[in-house]
file coords_6.cif (mmCIF, C-alpha atoms)
data_final
loop_
_atom_site.label_atom_id
_atom_site.label_comp_id
_atom_site.auth_asym_id
_atom_site.auth_seq_id
_atom_site.Cartn_x
_atom_site.Cartn_y
_atom_site.Cartn_z
CA MET A 1 41.01 -52.79 -23.30
CA GLU A 2 39.59 -53.16 -26.80
CA ILE A 3 40.60 -50.62 -29.44
CA ASN A 4 37.70 -50.19 -31.84
CA GLU A 5 39.36 -47.89 -34.34
CA THR A 6 42.78 -47.03 -35.67
CA HIS A 7 44.39 -45.79 -38.87
CA PRO A 8 47.82 -45.86 -40.53
CA PHE A 9 50.37 -43.76 -38.64
CA ASP A 10 53.26 -44.04 -41.10
CA LEU A 11 52.09 -41.16 -43.27
CA ALA A 12 53.80 -38.30 -45.03
CA PRO A 13 53.49 -35.10 -42.94
CA ALA A 14 51.03 -33.54 -45.39
CA GLU A 15 48.83 -36.64 -45.21
CA ALA A 16 49.01 -36.57 -41.41
CA VAL A 17 47.82 -32.95 -41.38
CA ARG A 18 44.86 -33.82 -43.62
CA LEU A 19 43.92 -36.70 -41.34
CA GLN A 20 44.05 -34.39 -38.31
CA GLU A 21 41.66 -32.00 -40.03
CA THR A 22 39.25 -34.89 -40.66
CA LEU A 23 39.41 -36.32 -37.14
CA ARG A 24 39.00 -32.88 -35.56
CA LYS A 25 35.39 -32.76 -36.76
CA ARG A 26 34.57 -35.74 -34.56
CA ILE A 27 35.68 -34.23 -31.25
CA SER A 28 32.99 -33.76 -28.60
CA LEU A 29 33.57 -30.88 -26.18
CA SER A 30 31.01 -32.18 -23.68
CA GLY A 31 29.99 -35.47 -22.14
CA ASP A 32 28.07 -37.02 -19.28
CA ILE A 33 30.46 -38.63 -16.82
CA ASP A 34 28.14 -39.95 -14.13
CA GLU A 35 30.78 -41.37 -11.81
CA VAL A 36 34.55 -41.57 -11.96
CA THR A 37 36.01 -44.65 -10.30
CA LEU A 38 39.14 -45.13 -12.43
CA LEU A 39 41.44 -42.40 -13.75
CA ALA A 40 44.29 -43.17 -16.14
CA GLY A 41 47.42 -41.31 -17.14
CA ALA A 42 49.24 -41.94 -20.42
CA ASP A 43 52.74 -40.85 -21.41
CA ALA A 44 55.60 -41.83 -23.69
CA SER A 45 59.36 -41.57 -23.36
CA TYR A 46 62.32 -42.06 -25.68
CA ALA A 47 66.01 -41.38 -25.61
CA LYS A 48 67.32 -38.47 -27.65
CA GLY A 49 68.08 -39.65 -31.16
CA SER A 50 66.19 -42.93 -30.66
CA ASN A 51 63.16 -44.09 -32.64
CA GLU A 52 62.05 -46.56 -29.96
CA ILE A 53 58.96 -45.19 -28.21
CA HIS A 54 58.21 -46.42 -24.69
CA ALA A 55 54.52 -45.80 -23.97
CA VAL A 56 52.75 -46.44 -20.68
CA VAL A 57 49.30 -46.25 -19.15
CA VAL A 58 48.83 -46.09 -15.39
CA VAL A 59 45.35 -46.57 -13.92
CA LEU A 60 44.45 -45.21 -10.48
CA ARG A 61 41.41 -45.76 -8.31
CA TYR A 62 39.51 -42.51 -7.72
CA PRO A 63 39.30 -40.63 -5.40
CA ASP A 64 42.06 -42.21 -3.28
CA LEU A 65 44.40 -42.38 -6.33
CA THR A 66 45.87 -45.78 -5.51
CA VAL A 67 47.62 -47.34 -8.51
CA VAL A 68 45.68 -50.43 -9.58
CA GLU A 69 47.25 -51.23 -12.95
CA ARG A 70 50.12 -50.14 -15.14
CA VAL A 71 51.15 -51.38 -18.57
CA SER A 72 53.82 -50.54 -21.10
CA ALA A 73 54.65 -51.10 -24.75
CA SER A 74 57.80 -50.25 -26.70
CA ILE A 75 57.64 -49.86 -30.48
CA GLU A 76 60.05 -48.59 -33.13
CA THR A 77 58.70 -45.70 -35.18
CA SER A 78 59.83 -44.24 -38.47
CA PHE A 79 57.82 -41.03 -38.05
CA PRO A 80 60.09 -38.08 -37.22
CA TYR A 81 59.57 -35.64 -34.38
CA ILE A 82 57.48 -32.82 -35.87
CA PRO A 83 55.75 -30.30 -33.57
CA GLY A 84 51.99 -30.62 -33.94
CA LEU A 85 52.19 -34.21 -35.23
CA LEU A 86 53.21 -35.93 -32.01
CA THR A 87 50.49 -38.60 -32.16
CA PHE A 88 51.88 -40.00 -35.40
CA ARG A 89 55.16 -40.69 -33.60
CA GLU A 90 53.83 -41.92 -30.24
CA GLY A 91 50.36 -43.19 -31.17
CA PRO A 92 51.16 -46.80 -32.18
CA ALA A 93 53.01 -47.48 -28.91
CA LEU A 94 50.25 -45.82 -26.86
CA LEU A 95 47.54 -47.87 -28.57
CA GLU A 96 49.49 -51.06 -27.90
CA ALA A 97 49.78 -50.11 -24.23
CA PHE A 98 46.02 -49.51 -24.05
CA ARG A 99 45.39 -52.93 -25.63
CA ARG A 100 47.23 -54.48 -22.67
CA LEU A 101 44.94 -52.90 -20.09
CA ARG A 102 42.54 -55.13 -18.21
CA SER A 103 40.69 -52.23 -16.61
CA GLU A 104 38.41 -49.70 -18.30
CA PRO A 105 39.30 -46.15 -17.18
CA ASP A 106 36.49 -43.62 -17.00
CA VAL A 107 38.72 -40.65 -17.91
CA ILE A 108 42.26 -40.61 -19.35
CA PHE A 109 44.80 -37.80 -18.85
CA PHE A 110 47.49 -37.34 -21.49
CA ASP A 111 50.80 -35.55 -21.09
CA GLY A 112 50.12 -33.17 -23.96
CA GLN A 113 47.47 -31.04 -25.60
CA GLY A 114 43.81 -31.61 -26.34
CA ILE A 115 42.16 -29.01 -28.58
CA ALA A 116 44.77 -26.39 -27.61
CA HIS A 117 46.71 -27.35 -30.72
CA PRO A 118 47.44 -25.63 -34.06
CA ARG A 119 44.80 -27.76 -35.80
CA GLY A 120 42.64 -28.45 -32.74
CA LEU A 121 43.73 -32.09 -32.47
CA GLY A 122 46.48 -32.65 -29.94
CA ILE A 123 47.40 -36.10 -28.68
CA ALA A 124 44.62 -36.14 -26.05
CA SER A 125 41.97 -35.33 -28.66
CA HIS A 126 43.41 -37.65 -31.31
CA MET A 127 43.64 -40.60 -28.94
CA GLY A 128 40.27 -39.76 -27.42
CA VAL A 129 38.59 -40.09 -30.81
CA LEU A 130 40.31 -43.43 -31.50
CA LEU A 131 39.61 -44.81 -28.02
CA ASP A 132 36.14 -43.21 -27.83
CA ARG A 133 36.84 -42.30 -24.19
CA PRO A 134 36.70 -39.06 -22.20
CA THR A 135 40.22 -37.61 -22.40
CA VAL A 136 41.99 -34.54 -21.03
CA GLY A 137 45.17 -32.85 -22.18
CA VAL A 138 47.45 -31.81 -19.31
CA ALA A 139 50.45 -30.02 -20.82
CA LYS A 140 53.48 -28.51 -19.14
CA SER A 141 53.82 -25.73 -21.72
CA LEU A 142 51.62 -23.63 -23.98
CA LEU A 143 51.53 -24.65 -27.64
CA VAL A 144 49.08 -22.12 -29.10
CA GLY A 145 47.04 -19.22 -27.78
CA THR A 146 47.66 -16.53 -25.20
CA VAL A 147 47.11 -16.60 -21.46
CA THR A 148 47.43 -14.33 -18.45
CA GLU A 149 49.30 -15.82 -15.51
CA PRO A 150 46.76 -17.22 -13.03
CA GLY A 151 46.78 -16.11 -9.40
CA PRO A 152 49.38 -17.57 -7.04
CA ALA A 153 46.99 -19.71 -4.98
CA ARG A 154 46.34 -23.36 -5.69
CA GLY A 155 43.19 -23.67 -7.80
CA SER A 156 43.67 -20.33 -9.57
CA THR A 157 42.87 -20.47 -13.28
CA SER A 158 43.17 -18.28 -16.36
CA PRO A 159 41.71 -18.98 -19.83
CA VAL A 160 43.88 -19.86 -22.80
CA LEU A 161 42.53 -17.77 -25.67
CA ARG A 162 42.88 -18.10 -29.42
CA ASN A 163 41.11 -15.61 -31.65
CA GLY A 164 38.82 -14.76 -28.75
CA GLU A 165 37.86 -18.39 -28.12
CA THR A 166 38.70 -20.23 -24.90
CA ILE A 167 40.59 -23.38 -25.90
CA GLY A 168 41.99 -24.33 -22.52
CA MET A 169 42.84 -23.20 -19.03
CA ALA A 170 46.06 -22.44 -17.19
CA VAL A 171 45.63 -24.14 -13.82
CA ARG A 172 47.71 -23.58 -10.70
CA THR A 173 47.85 -27.03 -9.15
CA LYS A 174 50.38 -26.09 -6.48
CA GLU A 175 51.16 -22.77 -4.82
CA ARG A 176 54.29 -21.01 -6.11
CA THR A 177 54.62 -23.55 -8.93
CA LYS A 178 54.19 -23.05 -12.67
CA PRO A 179 50.67 -23.82 -13.91
CA VAL A 180 49.72 -26.71 -16.14
CA TYR A 181 47.67 -26.15 -19.29
CA VAL A 182 44.44 -28.12 -19.38
CA SER A 183 42.39 -28.58 -22.52
CA VAL A 184 39.54 -30.82 -23.54
CA GLY A 185 40.57 -33.95 -25.34
CA HIS A 186 37.25 -35.62 -26.15
CA ARG A 187 33.86 -36.29 -24.50
CA ILE A 188 34.32 -33.96 -21.51
CA ASP A 189 33.72 -30.25 -20.93
CA LEU A 190 36.50 -27.87 -19.90
CA LEU A 191 35.10 -27.08 -16.43
CA SER A 192 34.83 -30.78 -15.57
CA ALA A 193 38.33 -31.38 -16.92
CA VAL A 194 39.80 -28.60 -14.76
CA ASP A 195 37.93 -29.80 -11.65
CA LEU A 196 39.18 -33.35 -12.17
CA VAL A 197 42.78 -32.22 -12.71
CA LEU A 198 42.68 -30.23 -9.47
CA ALA A 199 41.09 -33.12 -7.59
CA ALA A 200 43.86 -35.43 -8.83
CA ALA A 201 46.71 -33.02 -7.98
CA ARG A 202 48.05 -34.10 -4.59
CA GLY A 203 50.97 -31.88 -3.69
CA TYR A 204 52.80 -31.90 -7.04
CA ARG A 205 52.57 -29.74 -10.14
CA LEU A 206 51.35 -32.66 -12.25
CA PRO A 207 48.11 -34.45 -11.37
CA GLU A 208 48.77 -37.93 -10.07
CA PRO A 209 47.73 -39.88 -13.22
CA THR A 210 50.22 -38.12 -15.51
CA ARG A 211 52.84 -37.87 -12.76
CA GLN A 212 52.74 -41.63 -12.23
CA ALA A 213 52.75 -42.23 -16.00
CA HIS A 214 55.77 -39.96 -16.42
CA LEU A 215 57.72 -41.79 -13.71
CA PHE A 216 56.81 -45.20 -15.11
CA ALA A 217 57.64 -44.21 -18.69
CA ASN A 218 61.13 -43.16 -17.62
CA THR A 219 61.58 -46.45 -15.77
CA VAL A 220 60.55 -48.44 -18.84
CA ARG A 221 62.92 -46.42 -21.02
CA ARG A 222 65.83 -47.17 -18.68
CA GLU A 223 65.02 -50.82 -17.97
CA GLY A 224 63.20 -51.92 -21.13
CA ASP A 225 59.64 -52.94 -21.87
CA ARG A 226 58.52 -55.78 -19.64
CA GLY A 227 54.98 -55.67 -20.94
CA GLU A 228 52.11 -55.76 -18.50
CA ARG A 229 52.71 -54.85 -14.85
CA GLN A 230 49.70 -55.27 -12.61
CA THR A 231 48.79 -54.61 -9.01
CA SER A 232 45.33 -55.18 -7.53
CA LEU A 233 42.40 -54.38 -9.80
CA PRO A 234 39.19 -53.04 -8.22
CA SER A 235 36.42 -55.54 -7.75
CA GLY A 236 32.93 -55.15 -9.12
#

call {"tool": "encode", "arguments": {"input": "coords_6.cif", "output": "structure tokens"}}
result
Amino acid sequence: MEINETHPFDLAPAEAVRLQETLRKRISLSGDIDEVTLLAGADASYAKGSNEIHAVVVVLRYPDLTVVERVSASIETSFPYIPGLLTFREGPALLEAFRRLRSEPDVIFFDGQGIAHPRGLGIASHMGVLLDRPTVGVAKSLLVGTVTEPGPARGSTSPVLRNGETIGMAVRTKERTKPVYVSVGHRIDLLSAVDLVLAAARGYRLPEPTRQAHLFANTVRREGDRGERQTSLPSG
């Protein structure tokens, strides 16, 4: 997968914040996704106290959600862990993993926030702008905003609000399980993002793309980066 744009990641925190404010203006909160045939999940893992980031991308055929490709990349970072600046720590490894992809996913889920972020540019939005792909943030916890607990049934939703604006949705993907927090990353609308997350949730709290990415990232962290790991790619 070709990466058309990047920028320096080894910035001072104040410079990183200024760059976020610039990139935020380029986010699109809508997009025409005619047909989804490939969904991807992206995640990163690292041991506590380690600066080696293990990033992975797992691509699944949609709608059956069969894994067709998975890749990994491990890179040392000097950027510290700072809430709200996660992309500057994990971004270089994630971009390297995307470079190793042979397939071209139609939509990418990230384990993190989209616009539901203090400066409106979480990792799903930041990477979406750089990749110029439809992206969705699927977070396990709320970073900013307020939300009322959604109903107990699978598919129940409740808006995440910030200053009266809806910036995401709490989504119950499994009955009697904590919701996930879905927000637009780039080039997709919130309703479509929520529908796709629910369609990709098959009996677990996390939708299958980010669940598979999470499992693979932990495997790579334990066993080391072996680079590209492929199964069968779709034809056509």

call {"tool": "resolve_selection", "arguments": {"input": "coords_6.cif", "expression": "the PyMOL selection byres ((chain A and resi 187) around 10)", "output": "PDB file with C-alpha atoms, in the coordinates of the input"}}
result
ATOM      1  CA  ILE A  27      35.680 -34.230 -31.250  1.00  0.00           C
ATOM      2  CA  SER A  28      32.990 -33.760 -28.600  1.00  0.00           C
ATOM      3  CA  LEU A  29      33.570 -30.880 -26.180  1.00  0.00           C
ATOM      4  CA  SER A  30      31.010 -32.180 -23.680  1.00  0.00           C
ATOM      5  CA  GLY A  31      29.990 -35.470 -22.140  1.00  0.00           C
ATOM      6  CA  ASP A  32      28.070 -37.020 -19.280  1.00  0.00           C
ATOM      7  CA  ILE A  33      30.460 -38.630 -16.820  1.00  0.00           C
ATOM      8  CA  VAL A 107      38.720 -40.650 -17.910  1.00  0.00           C
ATOM      9  CA  SER A 125      41.970 -35.330 -28.660  1.00  0.00           C
ATOM     10  CA  GLY A 128      40.270 -39.760 -27.420  1.00  0.00           C
ATOM     11  CA  VAL A 129      38.590 -40.090 -30.810  1.00  0.00           C
ATOM     12  CA  ASP A 132      36.140 -43.210 -27.830  1.00  0.00           C
ATOM     13  CA  ARG A 133      36.840 -42.300 -24.190  1.00  0.00           C
ATOM     14  CA  PRO A 134      36.700 -39.060 -22.200  1.00  0.00           C
ATOM     15  CA  THR A 135      40.220 -37.610 -22.400  1.00  0.00           C
ATOM     16  CA  VAL A 136      41.990 -34.540 -21.030  1.00  0.00           C
ATOM     17  CA  VAL A 184      39.540 -30.820 -23.540  1.00  0.00           C
ATOM     18  CA  GLY A 185      40.570 -33.950 -25.340  1.00  0.00           C
ATOM     19  CA  HIS A 186      37.250 -35.620 -26.150  1.00  0.00           C
ATOM     20  CA  ILE A 188      34.320 -33.960 -21.510  1.00  0.00           C
ATOM     21  CA  ASP A 189      33.720 -30.250 -20.930  1.00  0.00           C
ATOM     22  CA  LEU A 190      36.500 -27.870 -19.900  1.00  0.00           C
TER      23      LEU A 190
END

call {"tool": "closest_residue", "arguments": {"input": "coords_6.cif", "among": "A:Glu69, A:Glu104, A:Asp64, A:Asp10", "to": "Glu90 in chain A", "atoms": "all atoms listed in the file"}}
result
A:Asp10

call {"tool": "resolve_selection", "arguments": {"input": "coords_6.cif", "expression": "the PyMOL selection byres ((chain A and resi 130) around 8)", "output": "compact mmCIF listing (two decimals) with C-alpha atoms, keeping the file's coordinate frame"}}
result
# COMPACT_ATOMS: atom_id res chain seq x y z
CA ILE A 3 40.60 -50.62 -29.44
CA ASN A 4 37.70 -50.19 -31.84
CA GLU A 5 39.36 -47.89 -34.34
CA THR A 6 42.78 -47.03 -35.67
CA HIS A 126 43.41 -37.65 -31.31
CA MET A 127 43.64 -40.60 -28.94
CA GLY A 128 40.27 -39.76 -27.42
CA VAL A 129 38.59 -40.09 -30.81
CA LEU A 131 39.61 -44.81 -28.02
CA ASP A 132 36.14 -43.21 -27.83

call {"tool": "closest_residue", "arguments": {"input": "coords_6.cif", "among": "A:Glu21, A:Leu191, A:Glu175, A:Val180", "to": "Gly203 in chain A", "atoms": "all atoms listed in the file"}}
result
A:Glu175

call {"tool": "residues_around", "arguments": {"input": "coords_6.cif", "residues": "Val147 in chain A", "least_positions_apart": "5", "cutoff": "8 Å", "atoms": "all atoms listed in the file", "output": "PyMOL selection string"}}
result
chain A and resi 158-161+170

call {"tool": "resolve_selection", "arguments": {"input": "coords_6.cif", "expression": "the PyMOL selection byres ((chain A and resi 41) around 7)", "output": "list in words"}}
result
Leu39, Ala40, Ala42, Asp43, Val57, Val58, Val59, Ile108, Phe109, Phe110, Pro209, Thr210 and Ala213 of chain A

call {"tool": "closest_residue", "arguments": {"input": "coords_6.cif", "among": "A:Thr77, A:Leu86, A:Arg70, A:Pro8", "to": "Gln212 in chain A", "atoms": "all atoms listed in the file"}}
result
A:Arg70

call {"tool": "residues_near_point", "arguments": {"input": "coords_6.cif", "point": "(48.2, -35.9, -39.0)", "cutoff": "10 Å", "atoms": "all atoms listed in the file", "output": "list in words"}}
result
Phe9, Asp10, Leu11, Ala12, Pro13, Ala14, Glu15, Ala16, Val17, Arg18, Leu19, Gln20, Glu21, Thr22, Leu23, Gly84, Leu85, Leu86, Thr87, Phe88, Arg119, Leu121, Gly122 and His126 of chain A

call {"tool": "atom_distance", "arguments": {"input": "coords_6.cif", "atom1": "CA of Gly151 in chain A", "atom2": "CA of Thr173 in chain A"}}
result
11.0 Å

call {"tool": "atom_distance", "arguments": {"input": "coords_6.cif", "atom1": "CA of Arg154 in chain A", "atom2": "CA of Thr66 in chain A"}}
result
22.4 Å

call {"tool": "atom_distance", "arguments": {"input": "coords_6.cif", "atom1": "CA of Ala116 in chain A", "atom2": "CA of Val197 in chain A"}}
result
16.1 Å

call {"tool": "closest_residue", "arguments": {"input": "coords_6.cif", "among": "A:Leu101, A:Ala93, A:Val71, A:Val220", "to": "Glu2 in chain A", "atoms": "all atoms listed in the file"}}
result
A:Leu101

call {"tool": "closest_residue", "arguments": {"input": "coords_6.cif", "among": "A:Tyr46, A:Asp195, A:Pro152, A:Ile115", "to": "Arg26 in chain A", "atoms": "all atoms listed in the file"}}
result
A:Ile115

call {"tool": "closest_residue", "arguments": {"input": "coords_6.cif", "among": "A:Gly168, A:Pro105, A:Gly91, A:Pro118", "to": "Leu38 in chain A", "atoms": "only C-alpha atoms"}}
result
A:Pro105

call {"tool": "residues_near_point", "arguments": {"input": "coords_6.cif", "point": "(41.4, -23.0, -11.7)", "cutoff": "7 Å", "atoms": "all atoms listed in the file", "output": "NGL selection string"}}
result
:A and (155-158 or 171-172 or 194)

call {"tool": "write_last_selection", "arguments": {"input": "coords_6.cif", "atoms": "C-alpha atoms", "output": "short mmCIF file (atom, residue, chain, number, x, y, z; two decimals), in the coordinates of the input"}}
result
data_model
loop_
_atom_site.label_atom_id
_atom_site.label_comp_id
_atom_site.auth_asym_id
_atom_site.auth_seq_id
_atom_site.Cartn_x
_atom_site.Cartn_y
_atom_site.Cartn_z
CA GLY A 155 43.19 -23.67 -7.80
CA SER A 156 43.67 -20.33 -9.57
CA THR A 157 42.87 -20.47 -13.28
CA SER A 158 43.17 -18.28 -16.36
CA VAL A 171 45.63 -24.14 -13.82
CA ARG A 172 47.71 -23.58 -10.70
CA VAL A 194 39.80 -28.60 -14.76
#

call {"tool": "residues_around", "arguments": {"input": "coords_6.cif", "residues": "Ser141 in chain A", "least_positions_apart": "5", "cutoff": "9 Å", "atoms": "all atoms listed in the file", "output": "list in words"}}
result
Gly112, Pro179, Val180 and Tyr181 of chain A

call {"tool": "write_last_selection", "arguments": {"input": "coords_6.cif", "atoms": "C-alpha atoms", "output": "PDB file, keeping the file's coordinate frame"}}
result
ATOM      1  CA  GLY A 112      50.120 -33.170 -23.960  1.00  0.00           C
ATOM      2  CA  PRO A 179      50.670 -23.820 -13.910  1.00  0.00           C
ATOM      3  CA  VAL A 180      49.720 -26.710 -16.140  1.00  0.00           C
ATOM      4  CA  TYR A 181      47.670 -26.150 -19.290  1.00  0.00           C
TER       5      TYR A 181
END
